[in-house]
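S.K.: Following this message is one structure expressed as structure tokens.
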Amino acid sequence: MAIREIIILPDKQLRLVSKPVETVTAQIRKLADDMFETMYDAPGIGLAAIQIAEPVRLITMDLAKKTDEERQPRAFINPEVLSASEEMSVYEEGCLSIPEYYEEVERPATVRIRYTDLDGKVHEEEASGLFATCIQHEIDHLNGVLFVDYLSKLKRDRVLKKFSKAAKRAAG
Ligand code: NI
């Protein structure tokens with residue numbers, strides 16, 4: 001396992017549409033291991049492969065809240081939303097690729113999802129609460145969508161500008 005570098009806004013790779021995983025190979029399981037290690041180290045509750053510059057449809061997640069709580073690592077391969085509730089819910093979201101920035105985002109409160117696990121088994125499941133928010137946020141990453149895309153143009157422009165300036169400073 002290895003901790004990998006997380007790419008940060010405005011890195012253009014974050015806008016790529018990730019490719020489906022054809023077969024769950026040892027290479028994919030190794031990538032998931034790296035993603036778990038990177039996610040726990042950050043620390044974060046969810047990570048999409050593109051955030052470590054790997055454009056494949058793979059997500060890792062662990063919603064266990066406190067560090068003393070037992071880990072609940074979950075991996076989702078080729079995840080898709082099959083249906084979404086009309087009921088919406090609002091969560092304050094953050095993203096490891098947009099560090100230290102948090103804003104409220106409204107999304108469907110419950111979604112039915114389908115995904116493949118690391119053993120190659122396909123599952124269907126209902127997600128609600130934080131799980132629903134997190135899986136929708138991560139699936140968005142696989143499609144090149146970021147949570148700031150849901151904010152007003154004013155807020156989005158402001159955060160983009162802030163991170164672009166920071167990137168230029170770091171490069172300069
Ligand atoms: Ni994110």
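Numbering starts fresh at 1 for the residues of each chain in the structure tokens, the chains themselves are lettered A, B, ... in the order given, and ligands are numbered from 1 as they appear.
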Which residues, written as a list in words, have at least one atom at most 6 Å from segment 53-59 of chain A, with only C-alpha atoms counted and residues fewer than 5 positions away on the same chain left out?

M.R.: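 Counting only C-alpha atoms, the residues come to Ser18, Lys19, Pro20, Leu47, Ala48, Ala75, Phe76, Ile77, Asn78 and Leu142 of chain A.
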
S.K.: How about saving the chosen residues, N, CA and C atoms kept, as a short mmCIF file (atom, residue, chain, number, x, y, z; two decimals), in the first residue's frame?

M.R.:
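Heads up, here's the output in again.cif:
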data_model
loop_
_atom_site.label_atom_id
_atom_site.label_comp_id
_atom_site.auth_asym_id
_atom_site.auth_seq_id
_atom_site.Cartn_x
_atom_site.Cartn_y
_atom_site.Cartn_z
N SER A 18 -14.21 9.40 -15.85
CA SER A 18 -13.44 8.19 -15.60
C SER A 18 -14.00 6.99 -16.36
N LYS A 19 -13.09 6.06 -16.70
CA LYS A 19 -13.49 4.88 -17.49
C LYS A 19 -14.00 3.74 -16.61
N PRO A 20 -14.99 2.99 -17.11
CA PRO A 20 -15.47 1.84 -16.35
C PRO A 20 -14.37 0.80 -16.13
N LEU A 47 -13.24 8.89 -1.32
CA LEU A 47 -12.23 9.26 -2.32
C LEU A 47 -12.57 8.59 -3.65
N ALA A 48 -12.47 9.34 -4.72
CA ALA A 48 -12.64 8.78 -6.06
C ALA A 48 -11.24 8.64 -6.67
N ALA A 75 -15.63 -0.28 -0.82
CA ALA A 75 -15.20 0.11 -2.16
C ALA A 75 -16.36 -0.08 -3.13
N PHE A 76 -16.50 0.83 -4.06
CA PHE A 76 -17.58 0.80 -5.06
C PHE A 76 -16.97 0.91 -6.45
N ILE A 77 -17.18 -0.15 -7.24
CA ILE A 77 -16.66 -0.16 -8.61
C ILE A 77 -17.83 0.07 -9.57
N ASN A 78 -17.61 0.92 -10.55
CA ASN A 78 -18.65 1.27 -11.53
C ASN A 78 -19.99 1.61 -10.86
N LEU A 142 -16.50 10.88 -10.68
CA LEU A 142 -16.25 9.97 -11.80
C LEU A 142 -16.72 10.58 -13.12
#

S.K.: Which neighbours of Ile50 of chain A fall inside 12 Å, counting only C-alpha atoms, when residues of the same chain fewer than 4 positions from it are skipped, and could you give them as a VMD selection string?

M.R.: chain A and resid 4 to 8 11 to 19 31 to 32 35 54 to 60 96 to 97 138 to 146

S.K.: Could you please write out, as a ChimeraX atom specification, every residue of chain A that DSSP assigns to alpha helix (DSSP H)?

M.R.: /A:26-41,129-142,153-171

S.K.: Which of these, A:Tyr91, A:Tyr101, A:Tyr40, A:Phe147, has the shortest distance to Val159 of chain A once you count only C-alpha atoms?

M.R.: A:Tyr101

S.K.: What is the distance between atom CA of Tyr115 of chain A and atom CA of Thr23 of chain A, in Å to one decimal?

M.R.: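 Taking atom CA of Tyr115 of chain A and atom CA of Thr23 of chain A, their separation equals 12.9 Å.
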